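Heads up: the structure comes next, in C-alpha cells.
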Amino acid sequence: MLRYANRIQSLSYFTNYMNVRFKSDRRVLVPDYSLRTKPGKTISIEVAEYSDLGLIESYCKEHFVTNEPLSVFHEVDPMRFFTHCLTSVVESCVRFPYTTLAFDSGKMIGYNFVWLEVWDKNTEVFPIGGLNDLERLRQKYTKLLKLNNDDPESYLLTTVNHAAYITPNFLPEGDKHIIAHGEMGSVNREYRHNGVLLAMIIEGAKQLAQDKIADYYYATATAAATVHLNPTYGLKEVWSMKYKDIKYDGKNIYGDGVLHDGNDKITINLGKVKEMANYDYVNVKRK
C-alpha cells in the first residue's frame with residue numbers, strides 16, 4: 001500500500017516499455033465470465049485504464065475500506081485513507097497492463113491492483129523474524145504521509161508494509177529482481193463466491209507471462225479469504241505473523257489477534273508468474 005522511491009522504481013524504470021505496451025482501445029480479457037450464483041449472468045474482466053480512476057475511487061471508499069479486515073479493525077476514515085494512502089498507489093497500478101477490473105455492464109464490481117517493483121542491493125529489507133516493535137516504523141510512515149500521530153491509517157499501513165519488506169529474503173540470490181506485486185484485490189459482496197478475484201488475478205498473470213518481464217509475483221494477505229485463496233493458484237505462503245504478536249510501543253494493539261473475518265495472521269505469498277498463468281481457474285470449484 002505504500003512504497004518508498006528507493007524501493008520501487010517502477011514508473012521511471014518501465015515508462016518507455018509501458019508506452020509501447022498499452023493499446024489505444026480498451027482491452028477486454030474475458031468478455032463473458034459466467035457467475036455461478038447468478039445463472040445466465042456474465043461479467044467482463046478488463047485491463048484497467050487511467051480513465052477508470054473515478055470509478056476506482058468510489059469503489060474503494062464504498063466497498064474496500066469498509067470491508068478489508070485491518071481497515072475495519074482500525075476504523076479508518078474512507079476519505080482520508082484513500083486521499084493520503086491509496087491515491088498514489090492506485091494511480092501507479094493503473095499504468096501497468098496487469099491491473100484488472102471486473103465490470104457488470106458499466107458497473108465496476110471488483111479489482112486486482114498490480115505493479116512491478118525493482119529489488120536490488122539497495123532495497124531496504126527487514127529480517128525474516130520481523131521487527132520486535134513497529135512504533136519507530138509507524139512514526140516514519142506518519143511523517144511521510146503527513147498523517148496525525150493518532151490517525152489509525154498509520155498502524156494499518158505499517159503492519160502491511162512491515163511484511164512487504166521481509167519478502168526479499170525469500171527471493172533467489174541475485175543483484176536485481178523485477179517482481180510483480182499484487183497490491184490489493186477486492187470484489188463487491190454481491191458478486192462473491194463466483195471466483196471473480198481469482199479470475200482477475202490469473203488474467204493479469206497471463207499478461208505478465210506474455211511480456212516475460214517478471215519471473216516472480218508476491219502478495220501480502222491480510223484477510224481470511226486471500227490467506228486461503230493465494231496458495232491454491234501458486235502463491236505459496238512463505239511467511240506469516242500472528243496479529244497478536246505485532247507490537248507498537250511495547251503494546252499489542254490487536255488484542256487476541258482475531259479480526260472480524262476470523263483471520264488471525266498476515267502472510268507473505270510468493271510464486272512464479274508462469275505457474276500462475278497456467279492455472280486453470282475456469283474448471284476449479286469457485287468460492
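Residues are referred to by chain and number: the chain letter is A, B, ... according to the order shown in the C-alpha cells, the number counts from 1 in that chain, and ligands are numbered separately from 1 in the order shown.
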Sel. of strand (DSSP E or B) residues, stretch 121-250 of chain A, as a PDB file with N, CA and C atoms, in the first residue's frame:
ATOM      1  N   LYS A 176      19.641  -8.128  -8.880  1.00  0.00           N
ATOM      2  CA  LYS A 176      18.411  -7.379  -9.106  1.00  0.00           C
ATOM      3  C   LYS A 176      17.276  -8.320  -9.495  1.00  0.00           C
ATOM      4  N   HIS A 177      16.092  -8.012  -8.987  1.00  0.00           N
ATOM      5  CA  HIS A 177      14.890  -8.756  -9.360  1.00  0.00           C
ATOM      6  C   HIS A 177      13.799  -7.775  -9.756  1.00  0.00           C
ATOM      7  N   ILE A 178      13.110  -8.064 -10.841  1.00  0.00           N
ATOM      8  CA  ILE A 178      11.889  -7.351 -11.190  1.00  0.00           C
ATOM      9  C   ILE A 178      10.755  -8.281 -10.788  1.00  0.00           C
ATOM     10  N   ILE A 179       9.939  -7.832  -9.865  1.00  0.00           N
ATOM     11  CA  ILE A 179       8.923  -8.703  -9.296  1.00  0.00           C
ATOM     12  C   ILE A 179       7.559  -8.026  -9.346  1.00  0.00           C
ATOM     13  N   ALA A 180       6.545  -8.806  -9.658  1.00  0.00           N
ATOM     14  CA  ALA A 180       5.185  -8.275  -9.684  1.00  0.00           C
ATOM     15  C   ALA A 180       4.600  -8.329  -8.277  1.00  0.00           C
ATOM     16  N   HIS A 181       3.879  -7.294  -7.927  1.00  0.00           N
ATOM     17  CA  HIS A 181       3.263  -7.231  -6.599  1.00  0.00           C
ATOM     18  C   HIS A 181       1.753  -7.086  -6.730  1.00  0.00           C
ATOM     19  N   GLY A 182       1.041  -8.061  -6.216  1.00  0.00           N
ATOM     20  CA  GLY A 182      -0.406  -7.950  -6.143  1.00  0.00           C
ATOM     21  C   GLY A 182      -0.760  -7.076  -4.950  1.00  0.00           C
ATOM     22  N   GLU A 183      -0.986  -5.799  -5.199  1.00  0.00           N
ATOM     23  CA  GLU A 183      -1.174  -4.822  -4.128  1.00  0.00           C
ATOM     24  C   GLU A 183      -2.468  -5.025  -3.345  1.00  0.00           C
ATOM     25  N   MET A 184      -3.583  -5.009  -4.039  1.00  0.00           N
ATOM     26  CA  MET A 184      -4.883  -5.119  -3.372  1.00  0.00           C
ATOM     27  C   MET A 184      -5.879  -5.793  -4.299  1.00  0.00           C
ATOM     28  N   GLY A 185      -6.727  -6.596  -3.722  1.00  0.00           N
ATOM     29  CA  GLY A 185      -7.784  -7.226  -4.501  1.00  0.00           C
ATOM     30  C   GLY A 185      -9.103  -7.140  -3.753  1.00  0.00           C
ATOM     31  N   SER A 186     -10.178  -6.948  -4.485  1.00  0.00           N
ATOM     32  CA  SER A 186     -11.484  -6.820  -3.833  1.00  0.00           C
ATOM     33  C   SER A 186     -12.598  -7.143  -4.817  1.00  0.00           C
ATOM     34  N   VAL A 187     -13.680  -7.708  -4.289  1.00  0.00           N
ATOM     35  CA  VAL A 187     -14.874  -7.985  -5.090  1.00  0.00           C
ATOM     36  C   VAL A 187     -16.094  -7.547  -4.288  1.00  0.00           C
ATOM     37  N   TYR A 216       8.705 -13.526 -10.806  1.00  0.00           N
ATOM     38  CA  TYR A 216       8.042 -13.788  -9.533  1.00  0.00           C
ATOM     39  C   TYR A 216       6.925 -12.787  -9.243  1.00  0.00           C
ATOM     40  N   TYR A 217       5.998 -13.240  -8.427  1.00  0.00           N
ATOM     41  CA  TYR A 217       4.811 -12.457  -8.057  1.00  0.00           C
ATOM     42  C   TYR A 217       4.606 -12.663  -6.560  1.00  0.00           C
ATOM     43  N   TYR A 218       4.354 -11.580  -5.833  1.00  0.00           N
ATOM     44  CA  TYR A 218       4.095 -11.754  -4.404  1.00  0.00           C
ATOM     45  C   TYR A 218       2.921 -10.898  -3.955  1.00  0.00           C
ATOM     46  N   ALA A 219       2.384 -11.255  -2.797  1.00  0.00           N
ATOM     47  CA  ALA A 219       1.277 -10.503  -2.214  1.00  0.00           C
ATOM     48  C   ALA A 219       1.337 -10.652  -0.703  1.00  0.00           C
ATOM     49  N   THR A 220       0.862  -9.641  -0.002  1.00  0.00           N
ATOM     50  CA  THR A 220       0.696  -9.742   1.448  1.00  0.00           C
ATOM     51  C   THR A 220      -0.800  -9.874   1.710  1.00  0.00           C
ATOM     52  N   ALA A 221      -1.181 -10.949   2.349  1.00  0.00           N
ATOM     53  CA  ALA A 221      -2.601 -11.214   2.588  1.00  0.00           C
ATOM     54  C   ALA A 221      -2.976 -10.848   4.018  1.00  0.00           C
ATOM     55  N   LYS A 236       2.591 -19.501  -2.842  1.00  0.00           N
ATOM     56  CA  LYS A 236       2.801 -20.246  -1.609  1.00  0.00           C
ATOM     57  C   LYS A 236       3.017 -19.300  -0.426  1.00  0.00           C
ATOM     58  N   GLU A 237       2.520 -19.716   0.714  1.00  0.00           N
ATOM     59  CA  GLU A 237       2.754 -18.944   1.932  1.00  0.00           C
ATOM     60  C   GLU A 237       4.186 -19.201   2.398  1.00  0.00           C
ATOM     61  N   VAL A 238       5.027 -18.173   2.363  1.00  0.00           N
ATOM     62  CA  VAL A 238       6.431 -18.329   2.745  1.00  0.00           C
ATOM     63  C   VAL A 238       6.722 -17.703   4.102  1.00  0.00           C
ATOM     64  N   TRP A 239       5.777 -16.925   4.608  1.00  0.00           N
ATOM     65  CA  TRP A 239       5.997 -16.240   5.893  1.00  0.00           C
ATOM     66  C   TRP A 239       4.648 -15.824   6.458  1.00  0.00           C
ATOM     67  N   SER A 240       4.567 -15.795   7.769  1.00  0.00           N
ATOM     68  CA  SER A 240       3.353 -15.279   8.405  1.00  0.00           C
ATOM     69  C   SER A 240       3.690 -14.746   9.788  1.00  0.00           C
ATOM     70  N   MET A 241       2.851 -13.869  10.265  1.00  0.00           N
ATOM     71  CA  MET A 241       2.978 -13.353  11.629  1.00  0.00           C
ATOM     72  C   MET A 241       1.579 -13.197  12.210  1.00  0.00           C
ATOM     73  N   LYS A 242       1.391 -13.705  13.402  1.00  0.00           N
ATOM     74  CA  LYS A 242       0.106 -13.570  14.075  1.00  0.00           C
ATOM     75  C   LYS A 242      -0.104 -12.104  14.455  1.00  0.00           C
ATOM     76  N   TYR A 248       3.328  -2.361  19.051  1.00  0.00           N
ATOM     77  CA  TYR A 248       3.585  -0.940  18.822  1.00  0.00           C
ATOM     78  C   TYR A 248       3.871  -0.301  20.179  1.00  0.00           C
TER      79      TYR A 248
END
Point to revise | Exercise: A:Asp150 partners within 12 Å, only C-alpha atoms, chain neighbours under 2 positions left out, as an MDAnalysis selection string | key: chainID A and resid 74 76 135 138:139 142:143 146:148 152:156
Proximity of stretch 115-148 of chain A to stretch 253-271 of chain A: per-residue shortest pair, 12 Å limit, only C-alpha atoms, as CSV:
residue,atom,partner,partner_atom,distance
A:Ile128,CA,A:Ile268,CA,10.9
A:Gly130,CA,A:Ile266,CA,11.9
A:Asp133,CA,A:Ile253,CA,11.5
A:Leu134,CA,A:Ile253,CA,11.1
A:Glu135,CA,A:Ile253,CA,11.2
Can you write out the residues you just picked, keeping C-alpha atoms, as a compact mmCIF listing (two decimals), in the first residue's frame?
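part-v6.txt, written as the output of this step:
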# COMPACT_ATOMS: atom_id res chain seq x y z
CA ILE A 128 12.71 -12.88 8.49
CA GLY A 130 10.32 -9.31 11.70
CA ASP A 133 8.38 -3.35 17.70
CA LEU A 134 6.85 -1.37 14.83
CA GLU A 135 6.42 2.01 16.53
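Across the structure, atom CA of A:Met276 and atom CA of A:Pro97 are spaced 16.4 Å apart.
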Check your understanding: Which polymer residues have any atom within 12 Å of an atom of A:Val273, counting only C-alpha atoms, with same-chain residues fewer than 5 positions away left out, as a list in words?
Key -> Tyr98, Ile178, Ile179, Ala180, His181, Gly182, Ile201, Ile202, Glu203, Gly204, Ala205, Lys206, Gln207, Leu208, Ala209, Gln210, Asp211, Lys212, Ile213, Ala214, Asp215, Tyr216, Tyr217, Tyr218, Tyr233, Gly234, Leu235, Asn278 and Tyr279 of chain A
Take the selection from the previous step and output its residues with N, CA and C atoms, as a JSON list (two decimals), in the first residue's frame.
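Wrote it out as part.json, contents follow:
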[["chain", "number", "residue", "atom", "x", "y", "z"],
["A", 98, "TYR", "N", -1.36, -4.99, -16.06],
["A", 98, "TYR", "CA", -1.56, -6.22, -15.31],
["A", 98, "TYR", "C", -2.61, -6.01, -14.22],
["A", 178, "ILE", "N", 13.11, -8.06, -10.84],
["A", 178, "ILE", "CA", 11.89, -7.35, -11.19],
["A", 178, "ILE", "C", 10.76, -8.28, -10.79],
["A", 179, "ILE", "N", 9.94, -7.83, -9.86],
["A", 179, "ILE", "CA", 8.92, -8.70, -9.30],
["A", 179, "ILE", "C", 7.56, -8.03, -9.35],
["A", 180, "ALA", "N", 6.55, -8.81, -9.66],
["A", 180, "ALA", "CA", 5.18, -8.27, -9.68],
["A", 180, "ALA", "C", 4.60, -8.33, -8.28],
["A", 181, "HIS", "N", 3.88, -7.29, -7.93],
["A", 181, "HIS", "CA", 3.26, -7.23, -6.60],
["A", 181, "HIS", "C", 1.75, -7.09, -6.73],
["A", 182, "GLY", "N", 1.04, -8.06, -6.22],
["A", 182, "GLY", "CA", -0.41, -7.95, -6.14],
["A", 182, "GLY", "C", -0.76, -7.08, -4.95],
["A", 201, "ILE", "N", -6.95, -12.13, -11.00],
["A", 201, "ILE", "CA", -5.54, -12.37, -10.70],
["A", 201, "ILE", "C", -4.87, -13.16, -11.82],
["A", 202, "ILE", "N", -5.49, -14.26, -12.23],
["A", 202, "ILE", "CA", -4.88, -15.12, -13.24],
["A", 202, "ILE", "C", -4.82, -14.44, -14.60],
["A", 203, "GLU", "N", -5.84, -13.69, -14.96],
["A", 203, "GLU", "CA", -5.81, -12.99, -16.24],
["A", 203, "GLU", "C", -4.69, -11.95, -16.26],
["A", 204, "GLY", "N", -4.46, -11.29, -15.14],
["A", 204, "GLY", "CA", -3.34, -10.36, -15.06],
["A", 204, "GLY", "C", -2.01, -11.08, -15.15],
["A", 205, "ALA", "N", -1.94, -12.27, -14.52],
["A", 205, "ALA", "CA", -0.71, -13.07, -14.57],
["A", 205, "ALA", "C", -0.42, -13.54, -15.99],
["A", 206, "LYS", "N", -1.45, -13.82, -16.75],
["A", 206, "LYS", "CA", -1.25, -14.22, -18.15],
["A", 206, "LYS", "C", -0.59, -13.10, -18.94],
["A", 207, "GLN", "N", -0.98, -11.88, -18.67],
["A", 207, "GLN", "CA", -0.37, -10.74, -19.35],
["A", 207, "GLN", "C", 1.09, -10.59, -18.94],
["A", 208, "LEU", "N", 1.37, -10.82, -17.68],
["A", 208, "LEU", "CA", 2.75, -10.78, -17.19],
["A", 208, "LEU", "C", 3.60, -11.85, -17.86],
["A", 209, "ALA", "N", 3.05, -13.06, -17.94],
["A", 209, "ALA", "CA", 3.79, -14.16, -18.56],
["A", 209, "ALA", "C", 4.04, -13.88, -20.03],
["A", 210, "GLN", "N", 3.08, -13.28, -20.68],
["A", 210, "GLN", "CA", 3.22, -12.95, -22.10],
["A", 210, "GLN", "C", 4.37, -11.96, -22.32],
["A", 211, "ASP", "N", 4.50, -11.00, -21.43],
["A", 211, "ASP", "CA", 5.54, -9.98, -21.57],
["A", 211, "ASP", "C", 6.91, -10.44, -21.10],
["A", 212, "LYS", "N", 6.94, -11.50, -20.29],
["A", 212, "LYS", "CA", 8.21, -12.07, -19.79],
["A", 212, "LYS", "C", 9.08, -11.02, -19.11],
["A", 213, "ILE", "N", 8.44, -10.16, -18.34],
["A", 213, "ILE", "CA", 9.18, -9.08, -17.70],
["A", 213, "ILE", "C", 9.46, -9.35, -16.23],
["A", 214, "ALA", "N", 8.69, -10.25, -15.62],
["A", 214, "ALA", "CA", 8.88, -10.59, -14.21],
["A", 214, "ALA", "C", 8.71, -12.09, -14.03],
["A", 215, "ASP", "N", 9.61, -12.69, -13.27],
["A", 215, "ASP", "CA", 9.52, -14.13, -13.01],
["A", 215, "ASP", "C", 8.70, -14.44, -11.77],
["A", 216, "TYR", "N", 8.71, -13.53, -10.81],
["A", 216, "TYR", "CA", 8.04, -13.79, -9.53],
["A", 216, "TYR", "C", 6.93, -12.79, -9.24],
["A", 217, "TYR", "N", 6.00, -13.24, -8.43],
["A", 217, "TYR", "CA", 4.81, -12.46, -8.06],
["A", 217, "TYR", "C", 4.61, -12.66, -6.56],
["A", 218, "TYR", "N", 4.35, -11.58, -5.83],
["A", 218, "TYR", "CA", 4.10, -11.75, -4.40],
["A", 218, "TYR", "C", 2.92, -10.90, -3.95],
["A", 233, "TYR", "N", -3.50, -21.22, -6.18],
["A", 233, "TYR", "CA", -3.14, -20.98, -7.57],
["A", 233, "TYR", "C", -1.65, -20.72, -7.77],
["A", 234, "GLY", "N", -0.84, -21.04, -6.77],
["A", 234, "GLY", "CA", 0.60, -20.96, -6.95],
["A", 234, "GLY", "C", 1.34, -19.96, -6.09],
["A", 235, "LEU", "N", 0.63, -19.14, -5.33],
["A", 235, "LEU", "CA", 1.31, -18.20, -4.43],
["A", 235, "LEU", "C", 1.45, -18.88, -3.06],
["A", 278, "ASN", "N", -0.59, -20.46, -15.87],
["A", 278, "ASN", "CA", -1.05, -21.76, -16.37],
["A", 278, "ASN", "C", -2.17, -22.37, -15.53],
["A", 279, "TYR", "N", -2.55, -21.68, -14.47],
["A", 279, "TYR", "CA", -3.59, -22.22, -13.59],
["A", 279, "TYR", "C", -4.96, -22.14, -14.27]]
Exercise for review: Would you work out the distance separating atom CA of A:Leu53 from atom CA of A:Thr87, expressed in Å to one decimal?
Suggested key: 9.1 Å
Could you name the residues that touch stretch 33-36 of chain A at 8 Å or less, counting only C-alpha atoms, but leaving out those on the same chain fewer than 3 positions away, as a compact mmCIF listing (two decimals) with N, CA and C atoms, in the first residue's frame?
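Okay, this is what ended up in selection_39.txt:
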# COMPACT_ATOMS: atom_id res chain seq x y z
N VAL A 30 -11.63 -11.03 -20.71
CA VAL A 30 -12.70 -12.04 -20.68
C VAL A 30 -14.02 -11.30 -20.85
N PRO A 39 -27.29 -17.48 -12.40
CA PRO A 39 -27.39 -18.23 -13.66
C PRO A 39 -27.79 -17.35 -14.84
N GLY A 40 -27.02 -17.48 -15.92
CA GLY A 40 -27.30 -16.70 -17.12
C GLY A 40 -26.65 -15.33 -17.13
N LYS A 41 -26.08 -14.94 -15.98
CA LYS A 41 -25.45 -13.62 -15.86
C LYS A 41 -23.96 -13.73 -16.14
N THR A 42 -23.40 -12.76 -16.88
CA THR A 42 -21.97 -12.72 -17.13
C THR A 42 -21.43 -11.33 -16.83
N ILE A 43 -20.13 -11.29 -16.53
CA ILE A 43 -19.43 -10.03 -16.33
C ILE A 43 -18.21 -10.04 -17.23
N SER A 44 -17.53 -8.92 -17.33
CA SER A 44 -16.31 -8.85 -18.12
C SER A 44 -15.12 -8.55 -17.23
N ILE A 45 -13.96 -9.05 -17.63
CA ILE A 45 -12.71 -8.76 -16.94
C ILE A 45 -11.82 -8.00 -17.91
N TYR A 191 -21.21 -10.12 -5.54
CA TYR A 191 -20.67 -10.96 -6.61
C TYR A 191 -19.68 -12.01 -6.08
N HIS A 193 -18.23 -15.51 -4.19
CA HIS A 193 -18.49 -16.94 -4.38
C HIS A 193 -18.67 -17.29 -5.86
N ASN A 194 -18.04 -16.50 -6.70
CA ASN A 194 -18.05 -16.77 -8.14
C ASN A 194 -16.64 -16.84 -8.73
Review point. So which residues of stretch 23-236 of chain A fall under helix (DSSP H, G or I) by DSSP, listed as an NGL selection string?
Key: :A and (50-64 or 69-74 or 78-93 or 135-144 or 153-164 or 167-170 or 189-191 or 196-211 or 224-233)
